[in-house]
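Asks: One file is attached below, final-v5.txt, containing compact mmCIF, C-alpha atoms.
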```txt
# COMPACT_ATOMS: atom_id res chain seq x y z
CA PRO A 1 20.73 6.79 21.60
CA GLU A 2 23.22 4.05 20.87
CA PRO A 3 21.66 0.55 20.69
CA PRO A 4 21.92 -1.15 24.10
CA GLU A 5 23.44 -4.33 22.54
CA GLY A 6 21.38 -6.52 24.84
CA GLY A 7 19.05 -6.09 27.80
CA TRP A 8 15.45 -6.16 26.58
CA GLY A 9 16.91 -6.69 23.13
CA TRP A 10 17.47 -10.39 23.89
CA VAL A 11 13.73 -10.79 24.54
CA VAL A 12 13.04 -9.00 21.25
CA MET A 13 15.49 -11.36 19.52
CA LEU A 14 13.66 -14.45 20.84
CA ALA A 15 10.31 -12.98 19.76
CA ALA A 16 11.69 -12.28 16.27
CA MET A 17 13.11 -15.80 16.13
CA TRP A 18 9.67 -17.22 16.93
CA CYS A 19 8.18 -15.01 14.21
CA ASN A 20 10.63 -16.31 11.59
CA GLY A 21 9.99 -19.88 12.66
CA ALA A 22 6.19 -19.69 12.82
CA VAL A 23 5.76 -17.83 9.51
CA PHE A 24 8.23 -19.70 7.31
CA GLY A 25 7.94 -22.99 9.18
CA ILE A 26 4.28 -23.19 8.19
CA GLN A 27 4.95 -21.92 4.66
CA ASN A 28 7.83 -24.35 4.01
CA SER A 29 5.79 -27.27 5.37
CA CYS A 30 3.03 -26.66 2.84
CA GLY A 31 3.93 -29.90 1.01
CA VAL A 32 2.46 -31.93 3.88
CA LEU A 33 -0.70 -29.80 3.92
CA PHE A 34 -0.88 -30.03 0.10
CA VAL A 35 -1.08 -33.84 0.16
CA SER A 36 -3.77 -33.71 2.84
CA MET A 37 -5.80 -31.14 0.85
CA LEU A 38 -5.63 -33.36 -2.24
CA GLN A 39 -7.07 -36.27 -0.25
CA LEU A 40 -9.72 -34.21 1.54
CA PHE A 41 -11.03 -32.03 -1.31
CA GLY A 42 -10.10 -34.19 -4.32
CA SER A 43 -12.13 -36.50 -6.47
CA ALA A 44 -11.23 -38.87 -9.27
CA GLU A 45 -13.32 -36.85 -11.72
CA ASP A 46 -11.39 -33.60 -11.18
CA LYS A 47 -8.66 -33.51 -13.83
CA GLN A 48 -7.19 -30.20 -12.58
CA LEU A 49 -6.98 -31.08 -8.91
CA ALA A 50 -3.23 -30.51 -8.44
CA PHE A 51 -3.45 -27.21 -10.32
CA LYS A 52 -6.32 -25.91 -8.16
CA THR A 53 -4.82 -27.10 -4.87
CA ALA A 54 -1.36 -25.70 -5.62
CA TRP A 55 -2.84 -22.20 -5.79
CA VAL A 56 -3.54 -22.30 -2.03
CA SER A 57 0.10 -22.69 -0.94
CA SER A 58 1.39 -20.66 -3.86
CA LEU A 59 -0.85 -17.68 -3.13
CA SER A 60 0.12 -17.86 0.53
CA MET A 61 3.88 -17.67 -0.07
CA GLY A 62 3.45 -15.09 -2.82
CA MET A 63 1.35 -12.76 -0.67
CA VAL A 64 3.94 -12.82 2.12
CA PHE A 65 6.39 -11.19 -0.28
CA PHE A 66 3.85 -9.16 -2.28
CA CYS A 67 2.82 -7.19 0.82
CA SER A 68 6.42 -6.33 1.78
CA PRO A 69 6.57 -2.83 0.18
CA ILE A 70 3.24 -1.94 1.81
CA VAL A 71 4.37 -3.30 5.18
CA SER A 72 7.53 -1.19 5.09
CA VAL A 73 5.38 1.94 4.65
CA PHE A 74 3.03 1.00 7.51
CA THR A 75 6.00 0.19 9.74
CA ASP A 76 7.46 3.65 9.12
CA LEU A 77 4.10 5.29 9.85
CA PHE A 78 2.81 3.33 12.85
CA GLY A 79 5.84 1.56 14.34
CA CYS A 80 6.93 -2.06 14.62
CA ARG A 81 4.79 -3.10 17.59
CA LYS A 82 1.37 -2.04 16.23
CA VAL A 83 2.01 -3.48 12.77
CA ALA A 84 3.33 -6.80 14.14
CA VAL A 85 0.47 -7.31 16.60
CA ILE A 86 -2.26 -6.45 14.09
CA GLY A 87 -0.56 -8.64 11.47
CA ALA A 88 -0.41 -11.63 13.81
CA ALA A 89 -4.09 -11.11 14.71
CA VAL A 90 -5.10 -11.07 11.03
CA GLY A 91 -3.01 -14.20 10.39
CA LEU A 92 -4.68 -15.94 13.33
CA VAL A 93 -8.15 -15.11 11.97
CA GLY A 94 -7.18 -16.33 8.50
CA LEU A 95 -5.77 -19.64 9.73
CA LEU A 96 -8.70 -20.27 12.08
CA SER A 97 -11.27 -19.54 9.36
CA SER A 98 -9.40 -21.93 7.04
CA SER A 99 -10.27 -24.77 9.41
CA PHE A 100 -14.02 -24.34 8.75
CA VAL A 101 -14.15 -24.48 4.95
CA SER A 102 -15.74 -27.36 3.09
CA THR A 103 -14.27 -26.81 -0.41
CA ILE A 104 -10.91 -25.73 -1.82
CA GLU A 105 -12.02 -22.35 -3.24
CA PRO A 106 -12.53 -20.45 0.08
CA LEU A 107 -8.96 -21.41 1.05
CA TYR A 108 -7.69 -19.08 -1.68
CA PHE A 109 -8.89 -16.18 0.46
CA THR A 110 -8.66 -17.47 4.04
CA TYR A 111 -5.28 -19.22 3.76
CA GLY A 112 -3.82 -17.80 0.55
CA VAL A 113 -4.60 -14.12 1.18
CA LEU A 114 -5.79 -13.39 4.74
CA PHE A 115 -3.37 -15.67 6.61
CA ALA A 116 -0.46 -14.73 4.33
CA CYS A 117 -1.05 -10.97 4.61
CA GLY A 118 -1.09 -11.31 8.39
CA CYS A 119 2.19 -13.23 8.26
CA SER A 120 3.76 -10.54 6.10
CA PHE A 121 2.71 -7.74 8.45
CA ALA A 122 4.04 -9.71 11.43
CA TYR A 123 7.30 -10.74 9.77
CA GLN A 124 8.89 -7.56 8.45
CA PRO A 125 8.74 -5.56 11.74
CA SER A 126 10.60 -8.43 13.41
CA LEU A 127 13.62 -7.63 11.22
CA VAL A 128 13.36 -3.84 11.56
CA ILE A 129 13.15 -3.85 15.38
CA LEU A 130 16.46 -5.70 15.72
CA GLY A 131 18.34 -2.64 14.48
CA HIS A 132 16.89 -0.65 17.41
CA TYR A 133 18.60 -2.87 19.97
CA PHE A 134 21.74 -4.15 18.24
CA LYS A 135 24.49 -2.70 16.09
CA LYS A 136 27.79 -4.43 16.84
CA ARG A 137 26.05 -7.79 17.36
CA LEU A 138 23.47 -7.33 14.61
CA GLY A 139 25.06 -10.00 12.37
CA LEU A 140 25.01 -12.59 15.16
CA VAL A 141 21.45 -11.70 16.14
CA ASN A 142 20.22 -11.89 12.54
CA GLY A 143 21.82 -15.30 12.21
CA ILE A 144 20.03 -16.58 15.33
CA VAL A 145 16.70 -15.08 14.24
CA THR A 146 16.78 -16.55 10.73
CA ALA A 147 17.83 -19.90 12.20
CA GLY A 148 14.32 -20.00 13.71
CA SER A 149 12.98 -20.61 10.21
CA SER A 150 15.25 -23.64 9.74
CA LEU A 151 14.43 -24.98 13.20
CA PHE A 152 10.68 -24.93 12.54
CA THR A 153 11.10 -26.24 8.98
CA VAL A 154 12.98 -29.24 10.40
CA SER A 155 10.47 -30.12 13.13
CA LEU A 156 7.06 -28.97 11.88
CA PRO A 157 6.55 -31.47 9.00
CA PHE A 158 6.76 -34.43 11.40
CA LEU A 159 4.38 -32.75 13.84
CA LEU A 160 1.95 -31.95 11.01
CA ARG A 161 2.03 -35.54 9.74
CA VAL A 162 1.26 -36.91 13.23
CA LEU A 163 -1.53 -34.36 13.76
CA ILE A 164 -3.13 -34.92 10.34
CA ASP A 165 -3.11 -38.70 10.82
CA SER A 166 -4.53 -38.34 14.35
CA VAL A 167 -7.04 -35.48 14.24
CA GLY A 168 -7.37 -34.55 10.54
CA LEU A 169 -6.55 -31.41 8.55
CA TYR A 170 -9.13 -29.10 10.14
CA ASN A 171 -8.01 -29.70 13.72
CA THR A 172 -4.36 -29.51 12.61
CA LEU A 173 -4.97 -25.98 11.31
CA ARG A 174 -6.56 -25.11 14.66
CA VAL A 175 -3.48 -26.41 16.50
CA LEU A 176 -1.31 -24.20 14.24
CA CYS A 177 -3.38 -21.24 15.47
CA ILE A 178 -1.51 -21.64 18.79
CA LEU A 179 1.72 -20.64 16.97
CA MET A 180 0.01 -17.52 15.62
CA PHE A 181 -1.41 -16.62 19.04
CA ILE A 182 2.07 -16.80 20.58
CA LEU A 183 3.28 -14.68 17.65
CA LEU A 184 0.64 -12.08 18.55
CA LEU A 185 1.96 -11.96 22.13
CA ALA A 186 5.54 -11.77 20.83
CA GLY A 187 4.65 -8.61 18.90
CA PHE A 188 4.03 -6.76 22.17
CA THR A 189 7.73 -7.13 23.05
CA TYR A 190 8.75 -4.84 20.15
CA LYS A 191 9.17 -1.83 22.41
CA PRO A 192 10.48 1.06 20.27
CA LEU A 193 13.43 3.06 21.52
CA VAL A 194 12.76 6.82 21.46
CA SER A 195 15.47 8.34 19.28
CA ASP A 196 15.48 11.95 20.49
CA ALA A 197 13.69 14.66 22.46
CA LYS A 198 11.52 15.65 19.48
CA ASP A 199 10.05 12.16 19.31
CA LYS A 200 9.28 12.34 23.02
CA GLU A 201 7.52 15.67 22.61
CA GLY A 202 5.57 14.35 19.64
CA GLY A 203 4.53 11.32 21.68
CA LYS A 204 3.34 13.49 24.56
CA LYS A 205 1.27 15.72 22.32
CA GLY A 206 -0.20 12.69 20.61
CA LYS A 207 0.14 14.27 17.19
CA PHE A 208 0.53 12.17 14.11
CA ARG A 209 2.21 13.54 11.02
CA PHE A 210 2.70 11.78 7.72
CA PRO A 211 6.27 11.92 6.48
CA PRO A 212 6.91 13.33 3.01
CA GLU A 213 5.81 11.22 0.06
CA LYS A 214 9.40 10.70 -1.09
CA LYS A 215 10.29 9.29 2.31
CA ILE A 216 7.33 6.88 2.33
CA CYS A 217 8.04 5.40 -1.12
CA ASN A 218 11.66 5.88 -2.06
CA PHE A 219 11.73 5.10 -5.78
CA SER A 220 15.20 6.61 -6.11
CA VAL A 221 16.69 3.13 -5.64
CA PHE A 222 15.63 2.35 -9.21
CA LYS A 223 18.02 5.02 -10.48
CA VAL A 224 20.83 2.62 -9.58
CA LEU A 225 21.41 0.42 -12.65
CA SER A 226 22.99 -2.45 -10.72
CA TYR A 227 19.96 -2.57 -8.40
CA ARG A 228 17.58 -2.62 -11.39
CA ILE A 229 19.44 -5.63 -12.81
CA TRP A 230 19.32 -7.34 -9.40
CA ALA A 231 15.61 -6.58 -8.97
CA PHE A 232 14.96 -8.15 -12.39
CA GLY A 233 17.36 -11.10 -12.16
CA ILE A 234 16.22 -12.40 -8.76
CA PRO A 235 12.50 -12.72 -9.70
CA ALA A 236 13.49 -14.22 -13.06
CA ALA A 237 15.35 -16.96 -11.17
CA LEU A 238 12.46 -17.74 -8.81
CA PHE A 239 9.78 -19.09 -11.16
CA GLY A 240 10.82 -22.62 -10.20
CA TYR A 241 12.13 -21.92 -6.71
CA PHE A 242 9.00 -22.79 -4.70
CA VAL A 243 7.96 -25.78 -6.85
CA PRO A 244 9.87 -28.44 -4.81
CA TYR A 245 8.45 -27.13 -1.52
CA VAL A 246 4.88 -27.56 -2.80
CA HIS A 247 5.05 -30.64 -5.03
CA LEU A 248 7.97 -32.73 -3.76
CA MET A 249 5.86 -34.57 -1.17
CA ASN A 250 3.26 -35.57 -3.74
CA HIS A 251 5.98 -36.54 -6.25
CA VAL A 252 7.50 -38.91 -3.67
CA LYS A 253 4.06 -40.36 -2.97
CA ASP A 254 3.47 -40.95 -6.69
CA ARG A 255 6.87 -42.59 -7.21
CA PHE A 256 7.48 -44.49 -3.95
CA GLY A 257 4.00 -44.80 -2.43
CA ASP A 258 3.72 -44.86 1.35
CA SER A 259 6.87 -46.95 1.81
CA VAL A 260 9.15 -43.97 2.53
CA PRO A 261 8.93 -41.10 5.05
CA GLU A 262 8.70 -38.15 2.67
CA GLU A 263 8.91 -35.64 5.57
CA VAL A 264 12.61 -36.52 5.82
CA LEU A 265 13.18 -34.48 2.66
CA LEU A 266 11.86 -31.30 4.30
CA LEU A 267 14.04 -32.15 7.30
CA CYS A 268 17.10 -32.24 5.01
CA LEU A 269 16.13 -28.97 3.35
CA GLY A 270 15.68 -27.27 6.71
CA ILE A 271 18.90 -28.51 8.32
CA THR A 272 21.23 -27.68 5.45
CA SER A 273 19.48 -24.35 4.83
CA GLY A 274 20.38 -23.35 8.39
CA VAL A 275 23.95 -24.56 7.93
CA GLY A 276 24.19 -22.69 4.61
CA ARG A 277 23.10 -19.43 6.22
CA LEU A 278 25.83 -19.68 8.85
CA ILE A 279 28.60 -20.76 6.46
CA PHE A 280 27.93 -18.50 3.48
CA GLY A 281 26.99 -15.54 5.68
CA ARG A 282 30.49 -15.75 7.12
CA VAL A 283 32.08 -16.31 3.70
CA ALA A 284 30.32 -13.20 2.34
CA ASP A 285 32.14 -11.06 4.93
CA TYR A 286 35.42 -11.83 3.15
CA ILE A 287 34.15 -11.05 -0.38
CA PRO A 288 34.49 -7.35 -1.19
CA GLY A 289 31.72 -5.13 -2.56
CA ALA A 290 29.19 -6.28 -5.13
CA LYS A 291 31.20 -9.42 -5.89
CA LYS A 292 29.04 -11.04 -3.19
CA VAL A 293 26.52 -11.43 -6.04
CA TYR A 294 28.65 -14.31 -7.37
CA LEU A 295 27.56 -16.33 -4.31
CA GLN A 296 23.95 -15.90 -5.40
CA VAL A 297 24.91 -16.85 -8.95
CA ALA A 298 26.46 -20.09 -7.64
CA SER A 299 23.43 -20.77 -5.42
CA PHE A 300 20.97 -20.37 -8.32
CA PHE A 301 23.11 -22.61 -10.51
CA PHE A 302 23.05 -25.44 -7.95
CA ILE A 303 19.36 -24.93 -7.07
CA GLY A 304 18.44 -25.20 -10.77
CA LEU A 305 20.66 -28.24 -11.24
CA MET A 306 19.21 -30.00 -8.18
CA SER A 307 15.63 -29.32 -9.37
CA MET A 308 16.44 -31.01 -12.67
CA MET A 309 17.94 -33.98 -10.84
CA ILE A 310 14.79 -34.72 -8.80
CA PRO A 311 13.08 -36.73 -11.61
CA LEU A 312 16.32 -38.68 -12.18
CA CYS A 313 16.36 -40.00 -8.62
CA HIS A 314 14.73 -43.45 -8.59
CA ILE A 315 16.21 -44.22 -5.16
CA PHE A 316 15.00 -42.38 -2.07
CA GLY A 317 18.58 -41.91 -0.90
CA GLY A 318 19.29 -39.96 -4.09
CA LEU A 319 16.45 -37.57 -3.30
CA ILE A 320 17.88 -37.05 0.19
CA ALA A 321 21.26 -36.08 -1.30
CA VAL A 322 19.57 -33.67 -3.74
CA CYS A 323 17.60 -32.01 -0.92
CA LEU A 324 20.73 -31.64 1.21
CA PHE A 325 22.50 -29.70 -1.56
CA MET A 326 19.39 -27.71 -2.43
CA GLY A 327 18.91 -26.62 1.18
CA LEU A 328 22.57 -25.62 1.51
CA PHE A 329 22.45 -23.24 -1.46
CA ASP A 330 18.96 -22.05 -0.54
CA GLY A 331 20.51 -20.83 2.72
CA CYS A 332 23.27 -19.14 0.72
CA PHE A 333 20.77 -17.27 -1.46
CA ILE A 334 18.74 -16.02 1.52
CA CYS A 335 21.48 -15.01 3.94
CA ILE A 336 23.28 -12.59 1.58
CA MET A 337 20.20 -10.69 0.36
CA ALA A 338 20.67 -7.84 2.84
CA PRO A 339 24.48 -7.52 2.41
CA ILE A 340 24.08 -7.27 -1.38
CA ALA A 341 21.30 -4.69 -1.07
CA PHE A 342 23.55 -2.68 1.25
CA GLU A 343 26.38 -2.77 -1.30
CA LEU A 344 24.16 -1.72 -4.22
CA VAL A 345 22.09 1.13 -2.73
CA GLY A 346 23.75 2.00 0.60
CA ALA A 347 22.52 1.87 4.18
CA GLN A 348 20.02 4.73 3.86
CA ASP A 349 17.88 3.07 1.16
CA VAL A 350 18.42 -0.59 2.03
CA SER A 351 15.03 -1.10 3.72
CA GLN A 352 13.02 0.17 0.73
CA ALA A 353 15.30 -1.73 -1.69
CA ILE A 354 14.61 -5.04 0.06
CA GLY A 355 10.90 -4.25 0.32
CA PHE A 356 10.57 -3.63 -3.43
CA LEU A 357 12.60 -6.74 -4.25
CA LEU A 358 10.43 -8.97 -2.05
CA GLY A 359 7.35 -7.51 -3.76
CA PHE A 360 8.75 -8.43 -7.19
CA MET A 361 9.60 -11.91 -5.94
CA SER A 362 5.96 -12.59 -5.10
CA VAL A 363 4.88 -12.94 -8.74
CA PRO A 364 7.15 -15.83 -9.84
CA MET A 365 6.81 -17.61 -6.51
CA THR A 366 3.03 -17.50 -6.88
CA VAL A 367 2.87 -18.57 -10.53
CA GLY A 368 5.44 -21.41 -10.52
CA PRO A 369 3.71 -24.12 -8.41
CA PRO A 370 0.28 -23.92 -10.15
CA ILE A 371 2.00 -24.31 -13.54
CA ALA A 372 3.79 -27.39 -12.18
CA GLY A 373 0.44 -28.72 -10.92
CA LEU A 374 -1.13 -28.11 -14.34
CA LEU A 375 1.67 -30.08 -16.02
CA HIS A 376 1.12 -32.94 -13.56
CA ASP A 377 -2.63 -32.97 -14.27
CA HIS A 378 -2.03 -33.22 -18.02
CA LEU A 379 1.01 -35.54 -18.06
CA GLY A 380 0.35 -37.63 -14.96
CA THR A 381 3.89 -37.04 -13.66
CA TYR A 382 6.00 -34.24 -12.18
CA ASP A 383 9.12 -35.02 -14.27
CA VAL A 384 8.65 -32.26 -16.87
CA ALA A 385 7.62 -29.79 -14.14
CA PHE A 386 10.86 -30.32 -12.20
CA TYR A 387 12.97 -30.14 -15.38
CA LEU A 388 11.38 -26.82 -16.29
CA ALA A 389 11.66 -25.56 -12.69
CA GLY A 390 15.44 -25.83 -13.00
CA VAL A 391 15.66 -23.51 -16.03
CA PRO A 392 14.71 -20.09 -14.48
CA PRO A 393 17.43 -20.24 -11.77
CA LEU A 394 20.05 -20.78 -14.48
CA ILE A 395 18.73 -17.81 -16.51
CA GLY A 396 18.46 -15.58 -13.44
CA GLY A 397 21.98 -16.51 -12.34
CA ALA A 398 23.33 -15.57 -15.78
CA ILE A 399 21.64 -12.14 -15.54
CA LEU A 400 23.16 -11.50 -12.09
CA CYS A 401 26.68 -12.07 -13.46
CA PHE A 402 26.62 -8.56 -14.97
CA ILE A 403 26.02 -6.77 -11.66
CA PRO A 404 29.61 -6.56 -10.28
CA TRP A 405 30.89 -5.16 -13.60
CA VAL A 406 28.07 -2.58 -13.85
CA HIS A 407 28.45 -1.62 -10.19
CA GLU A 408 32.19 -1.01 -10.54
CA ARG A 409 31.60 1.23 -13.58
CA GLN A 410 29.03 3.21 -11.60
CA LYS A 411 31.46 3.72 -8.75
CA LEU A 412 34.16 4.93 -11.15
CA LYS A 413 31.76 7.49 -12.64
CA GLU A 414 30.75 8.70 -9.18
CA ARG A 415 34.40 9.09 -8.20
CA ALA A 416 35.12 11.01 -11.39
CA LYS A 417 32.43 13.63 -10.75
CA PRO A 418 33.81 15.09 -7.49
CA VAL A 419 37.33 15.01 -8.89
CA ASP A 420 36.25 17.17 -11.83
CA GLY A 421 34.55 19.58 -9.45
CA GLU A 422 37.63 19.82 -7.25
CA THR A 423 39.96 20.50 -10.17
CA THR A 424 37.63 23.28 -11.41
CA GLU A 425 37.65 24.86 -7.96
CA LYS A 426 41.43 24.62 -7.79
CA MET A 427 41.75 26.24 -11.22
CA LEU A 428 39.55 29.12 -10.10
CA GLU A 429 41.59 29.49 -6.93
CA ASN A 430 44.80 29.54 -8.94
CA GLU A 431 43.42 32.09 -11.39
CA SER A 432 42.11 34.52 -8.76
CA PRO A 433 45.55 35.62 -7.43
CA LEU A 434 46.66 36.32 -11.02
CA VAL A 435 43.62 38.48 -11.58
CA LEU A 436 44.25 40.31 -8.33
CA ASP A 437 47.90 40.83 -9.26
CA ALA A 438 46.92 42.22 -12.63
CA THR A 439 44.49 44.70 -11.10
CA GLU A 440 46.64 45.62 -8.13
CA LYS A 441 49.85 46.22 -10.14
CA PRO A 442 48.77 49.50 -11.79
CA VAL A 443 47.52 50.75 -8.43
CA LYS A 444 50.91 50.10 -6.84
CA GLU A 445 52.68 51.76 -9.76
CA MET A 446 50.44 54.83 -9.45
CA GLU A 447 51.11 54.94 -5.71
CA SER A 448 54.86 54.71 -6.25
CA GLY A 449 54.68 57.42 -8.98
CA CYS A 450 52.88 59.72 -6.63
```
Just give me the structure of the file as C-alpha cells.
Replies:
Amino acid sequence: PEPPEGGWGWVVMLAAMWCNGAVFGIQNSCGVLFVSMLQLFGSAEDKQLAFKTAWVSSLSMGMVFFCSPIVSVFTDLFGCRKVAVIGAAVGLVGLLSSSFVSTIEPLYFTYGVLFACGCSFAYQPSLVILGHYFKKRLGLVNGIVTAGSSLFTVSLPFLLRVLIDSVGLYNTLRVLCILMFILLLAGFTYKPLVSDAKDKEGGKKGKFRFPPEKKICNFSVFKVLSYRIWAFGIPAALFGYFVPYVHLMNHVKDRFGDSVPEEVLLLCLGITSGVGRLIFGRVADYIPGAKKVYLQVASFFFIGLMSMMIPLCHIFGGLIAVCLFMGLFDGCFICIMAPIAFELVGAQDVSQAIGFLLGFMSVPMTVGPPIAGLLHDHLGTYDVAFYLAGVPPLIGGAILCFIPWVHERQKLKERAKPVDGETTEKMLENESPLVLDATEKPVKEMESGC
C-alpha cells in the first residue's frame, strides 16, 4: 500500500530520532569520556596511554559503520523491529558491562565492540522503517530524525561533565544505560506495514524463506565506476575525520588547562552540524545529478583546512570559530550521502550501496584516532596529529572531483546502447517490406499471366 504519510508514522519518526540522538550523541561525546578514562586508568609510567585509550572510542565508532553491510542483510531477513530491539539490548549489555571494568583493555570489547555493534543494529533499521510510513514527506522526516544527533551532541557533553564530576565515570556509564533502555522500547514501535496479500499468507503460515543470494548481497553496485570511485574516495578522506572528536578535549586541556569550558567546542560542532544538514540538504535539491558530489568536495576541503588550523589557535575563541565551520561542513558531508548514492546507483540498489560504503568507512575512522594518540605520546603535543589529520580530507576531496565527469560518460554510453538497438530494429522493419515485395512480385505476375 501507499505510505500513510503520518498516523503511527509520527511515533516511528520520534523513535528514530531518539535512536539517532542516543547512538551518535554518545559517540560524538567520546572526547569527554576519553579525558575521564585517561585520568582513571592512566599512570605517569605509561608512555602509550593516549594511544591505548584512543582505541576504545575509535573501535566504537568504527564498529558502528563496520557492521552496516551485515545489518542491512539481517534487516532484510528478519525485519526492522526484531533487529532494532535485539541491537538495543546488546548495546545496553555492552554499556552496562563497561561500567564494571577495572582496566582499559576490557573496554575494547565491552564498549568498543559489544556496545558499538548493538548501536549499529539499532541504528540502521531506524532509517529503513521511515520509508514504510513516508514518501512525500520523507525528506522532512529524515531531516528531523538526523537532527536528533545534533540535539544530543549539543546537550550530552555538559551532562556527562556534570555526571563525571559528581558520581564518576562508572556511574555515568550506568546513567547512559537509561538512554539505551529507552532505545530498546523505541524499537518496538517499528511496526512493519504488510506490502501485499502474499506477505500476509506467509505470515499466517509462519514460514521463513531466505531470499536469493544475489538479493541478500548485491555486489552489482560495484559494476558502476562512479560508485567505485566514491566508495574509495570517501574512506580515503576519513582517516583524519574522527580525530578532533576524540582528541580535541584533551588538546584543549593540554594547552589551556582547566581555565576554559572545553565542552563548548562540542556544543559548537553539534549546533552548526544541525544547521549544515538543513541548509545544504536544501541546496542539494537544486544541484542536478552527480554534481551534488561537489558539495562533498567542498566539505572535505574545509574540514581538512579546519583540522590544520586547530594547532594554530592559541586563543580559545579561535578554536570556537574553527569548530563552528567544521560542524557546518560536517553536516554538509552527512546530509547528502543518500542523495548522491541515489544518483550513482539508482533507487533499487541505494540501500546496499550505502551499507557497503559505511562498512568501508569503518577502517579509516577506527585507525585515525589511535595514530593521533601515538603521535601525542611520542611528541608530547597534538600539533602534528592535527596537521596530518587535515591531509586525507584534501586527498579524498580531490579523488571525488572525477565522479561527475565519469558519471556523465556512463550515462552517455547507456543512452547510446538502446539507440543502436532501436535503429537496428528499424532497419530490419524497413528491409522486411522490400523482401516481401521481391518475393510477392513474381507471384502476382504469374497470377496475372494465368
Asks: Per residue of segment 85-146 of chain A within 10 Å of segment 333-356 of chain A, record the nearest atom pair and its distance in Å to one decimal, counting all atoms listed in the file, with rows in chain order and ascending residue number, as CSV.
Replies:
```
residue,atom,partner,partner_atom,distance
A:Gln124,CA,A:Gly355,CA,9.0
A:Val128,CA,A:Ser351,CA,8.5
A:Asn142,CA,A:Cys335,CA,9.2
A:Gly143,CA,A:Cys335,CA,8.3
A:Thr146,CA,A:Cys335,CA,8.4
```
Asks: Which residue is closest to Val73 of chain A? Choose from A:Val252, A:Pro125, A:Val145, A:Ser99 and count only C-alpha atoms.
Replies: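 Smallest distance to Val73 of chain A is found for A:Pro125.
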Asks: Find the residues around segment 165-168 of chain A up to 12 Å (only C-alpha atoms counted), leave out those fewer than 2 positions away in its own chain, and share them as a list in words.
Replies: Val32, Leu33, Val35, Ser36, Met37, Gln39, Leu40, Ser99, Phe158, Leu159, Leu160, Arg161, Val162, Leu163, Tyr170, Asn171, Thr172, Leu173, Arg174 and Val175 of chain A
Asks: Can you measure atom CA of Thr103 of chain A to atom CA of Leu169 of chain A for me? One decimal in Å is fine.
Replies: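 Answer for the atom CA of Thr103 of chain A to atom CA of Leu169 of chain A separation: 12.7 Å.
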Asks: What does the structure give for the distance between atom CA of Lys52 of chain A and atom CA of Asp377 of chain A, in Å to one decimal?
Replies: 10.0 Å
Asks: Which residue gives the smallest distance to Thr53 of chain A among A:Val384, A:Leu107, A:Met365, A:Ala398, with only C-alpha atoms counted?
Replies: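 The shortest atom-to-atom distance to Thr53 of chain A comes from A:Leu107.
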Asks: Using all atoms listed in the file, which residues sit within 10 Å of Thr366 of chain A once same-chain residues fewer than 2 positions away are excluded, as a list in words?
Replies: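 Close residues of Thr366 of chain A: Ala54, Trp55, Val56, Ser57, Ser58, Leu59, Ser60, Met61, Gly62, Met63, Phe65, Phe66, Leu238, Phe239, Gly240, Phe242, Val243, Met361, Ser362, Val363, Pro364, Gly368, Pro369, Pro370 and Ile371 of chain A.
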Asks: Please measure the separation of atom CA of Val90 of chain A and atom CA of Phe152 of chain A, giving the value in Å to one decimal.
Replies: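 Result for atom CA of Val90 of chain A versus atom CA of Phe152 of chain A: 21.1 Å, one decimal.
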Asks: Quick one: of A:Leu278, A:Ala88, A:Val154, A:Cys332, who's nearest to Leu184 of chain A, counting all atoms listed in the file?
Replies: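 Checking each candidate against Leu184 of chain A, we get A:Ala88 as the closest.
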Asks: For each of A:Val71, A:Ile399, A:Ile271, A:Cys119, take the minimum atom-to-atom distance to Leu92 of chain A, counting all atoms listed in the file, then give the residue where this is smallest.
Replies: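 Of all the options, A:Cys119 lies closest to Leu92 of chain A.
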Asks: Would you kindly return, as a VMD selection string, each protein, DNA or RNA residue with an atom no farther than 12 Å from any atom of Gly317 of chain A, considering all atoms listed in the file and excluding same-chain residues fewer than 5 positions away?
Replies: chain A and resid 252 256 260 to 262 264 to 265 268 310 312 322 to 324
Asks: Kindly indicate which residue among A:Leu374, A:Leu400, A:Ala16, A:Met326 lies nearest to Ala147 of chain A, using all atoms listed in the file for the distances.
Replies: A:Ala16
Asks: Residues at most 10 Å from Arg255 of chain A, counting all atoms listed in the file, excluding those fewer than 5 positions away in the same chain, as a ChimeraX atom specification?
Replies: /A:250,311,313-316,381-382
Asks: A:Pro4, A:Gly21, A:Gly112, A:Pro244: which is nearest His132 of chain A, counting all atoms listed in the file?
Replies: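 Smallest separation from His132 of chain A among the options: A:Pro4.
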